[in-house]
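Peer 1: Before I ask anything, here is the structure I am working with.
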Amino acid sequence: MIENQHAYCPECDTRIRFYKRPKLGAIVTCPECDEILEVVSLRPIELEWSTEEYYDDDTSSTDESDWDYSYRD
Ligand SMILES: [Zn+2]
């Protein structure tokens with residue numbers, strides 16, 4: 001069974017698709033507004049602003065996820 005998993009950014013309403021099931025508490029960055037979001041629910045997937053202080057410096061966010069917002073021809 002293939003589930004089309006997606007969630008909406010609470011900031012800008014961009015639809016963020018997940019090709020891999022996210023984990024509860026996973027941190028994602030919105031591709032549109034760069035908000036740091038946390039997965040707070042899995043069924044359905046819901047995102048909220050992360051309250052964690054994940055950015056200690058201005059280091060580029062490590063992207064360990066498989067979000068697919070970079071379609072290329
Ligand atoms: Zn956004």
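Identifiers for the structure tokens are assigned positionally: chains receive A, B, ... in sequence, residues are indexed from 1 per chain, and ligands are indexed from 1 in the order shown.
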What are the closest atom pairs, with distances in Å to one decimal, for all residues of chain A lying within 10 Å of ligand 1? Consider only C-alpha atoms and all ligand atoms, order rows by chain and residue number, and present the result as JSON lines.

Peer 2:
{"residue": "A:Tyr8", "atom": "CA", "partner": "ligand 1", "partner_atom_place_in_ligand_line": "1 (Zn)", "distance": 7.9}
{"residue": "A:Cys9", "atom": "CA", "partner": "ligand 1", "partner_atom_place_in_ligand_line": "1 (Zn)", "distance": 4.7}
{"residue": "A:Pro10", "atom": "CA", "partner": "ligand 1", "partner_atom_place_in_ligand_line": "1 (Zn)", "distance": 6.6}
{"residue": "A:Glu11", "atom": "CA", "partner": "ligand 1", "partner_atom_place_in_ligand_line": "1 (Zn)", "distance": 4.8}
{"residue": "A:Cys12", "atom": "CA", "partner": "ligand 1", "partner_atom_place_in_ligand_line": "1 (Zn)", "distance": 4.1}
{"residue": "A:Asp13", "atom": "CA", "partner": "ligand 1", "partner_atom_place_in_ligand_line": "1 (Zn)", "distance": 6.0}
{"residue": "A:Thr14", "atom": "CA", "partner": "ligand 1", "partner_atom_place_in_ligand_line": "1 (Zn)", "distance": 5.6}
{"residue": "A:Arg15", "atom": "CA", "partner": "ligand 1", "partner_atom_place_in_ligand_line": "1 (Zn)", "distance": 8.4}
{"residue": "A:Ile16", "atom": "CA", "partner": "ligand 1", "partner_atom_place_in_ligand_line": "1 (Zn)", "distance": 8.8}
{"residue": "A:Thr29", "atom": "CA", "partner": "ligand 1", "partner_atom_place_in_ligand_line": "1 (Zn)", "distance": 7.9}
{"residue": "A:Cys30", "atom": "CA", "partner": "ligand 1", "partner_atom_place_in_ligand_line": "1 (Zn)", "distance": 4.6}
{"residue": "A:Pro31", "atom": "CA", "partner": "ligand 1", "partner_atom_place_in_ligand_line": "1 (Zn)", "distance": 6.6}
{"residue": "A:Glu32", "atom": "CA", "partner": "ligand 1", "partner_atom_place_in_ligand_line": "1 (Zn)", "distance": 5.0}
{"residue": "A:Cys33", "atom": "CA", "partner": "ligand 1", "partner_atom_place_in_ligand_line": "1 (Zn)", "distance": 4.2}
{"residue": "A:Asp34", "atom": "CA", "partner": "ligand 1", "partner_atom_place_in_ligand_line": "1 (Zn)", "distance": 6.2}
{"residue": "A:Glu35", "atom": "CA", "partner": "ligand 1", "partner_atom_place_in_ligand_line": "1 (Zn)", "distance": 5.8}
{"residue": "A:Ile36", "atom": "CA", "partner": "ligand 1", "partner_atom_place_in_ligand_line": "1 (Zn)", "distance": 8.6}
{"residue": "A:Leu37", "atom": "CA", "partner": "ligand 1", "partner_atom_place_in_ligand_line": "1 (Zn)", "distance": 8.7}
{"residue": "A:Trp49", "atom": "CA", "partner": "ligand 1", "partner_atom_place_in_ligand_line": "1 (Zn)", "distance": 9.9}

Peer 1: Please, what distance in Å, to one decimal, runs between CA of Arg21 in chain A and CA of Ser50 in chain A?

Peer 2: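 The value is 18.6 Å.
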
Peer 1: Work out how far apart CA of Gln5 in chain A and CA of Ile45 in chain A are and give it in Å to one decimal.

Peer 2: 7.2 Å

Peer 1: What separation in Å, quoted to one decimal, exists between CA of Lys20 in chain A and CA of Thr51 in chain A?

Peer 2: 23.4 Å
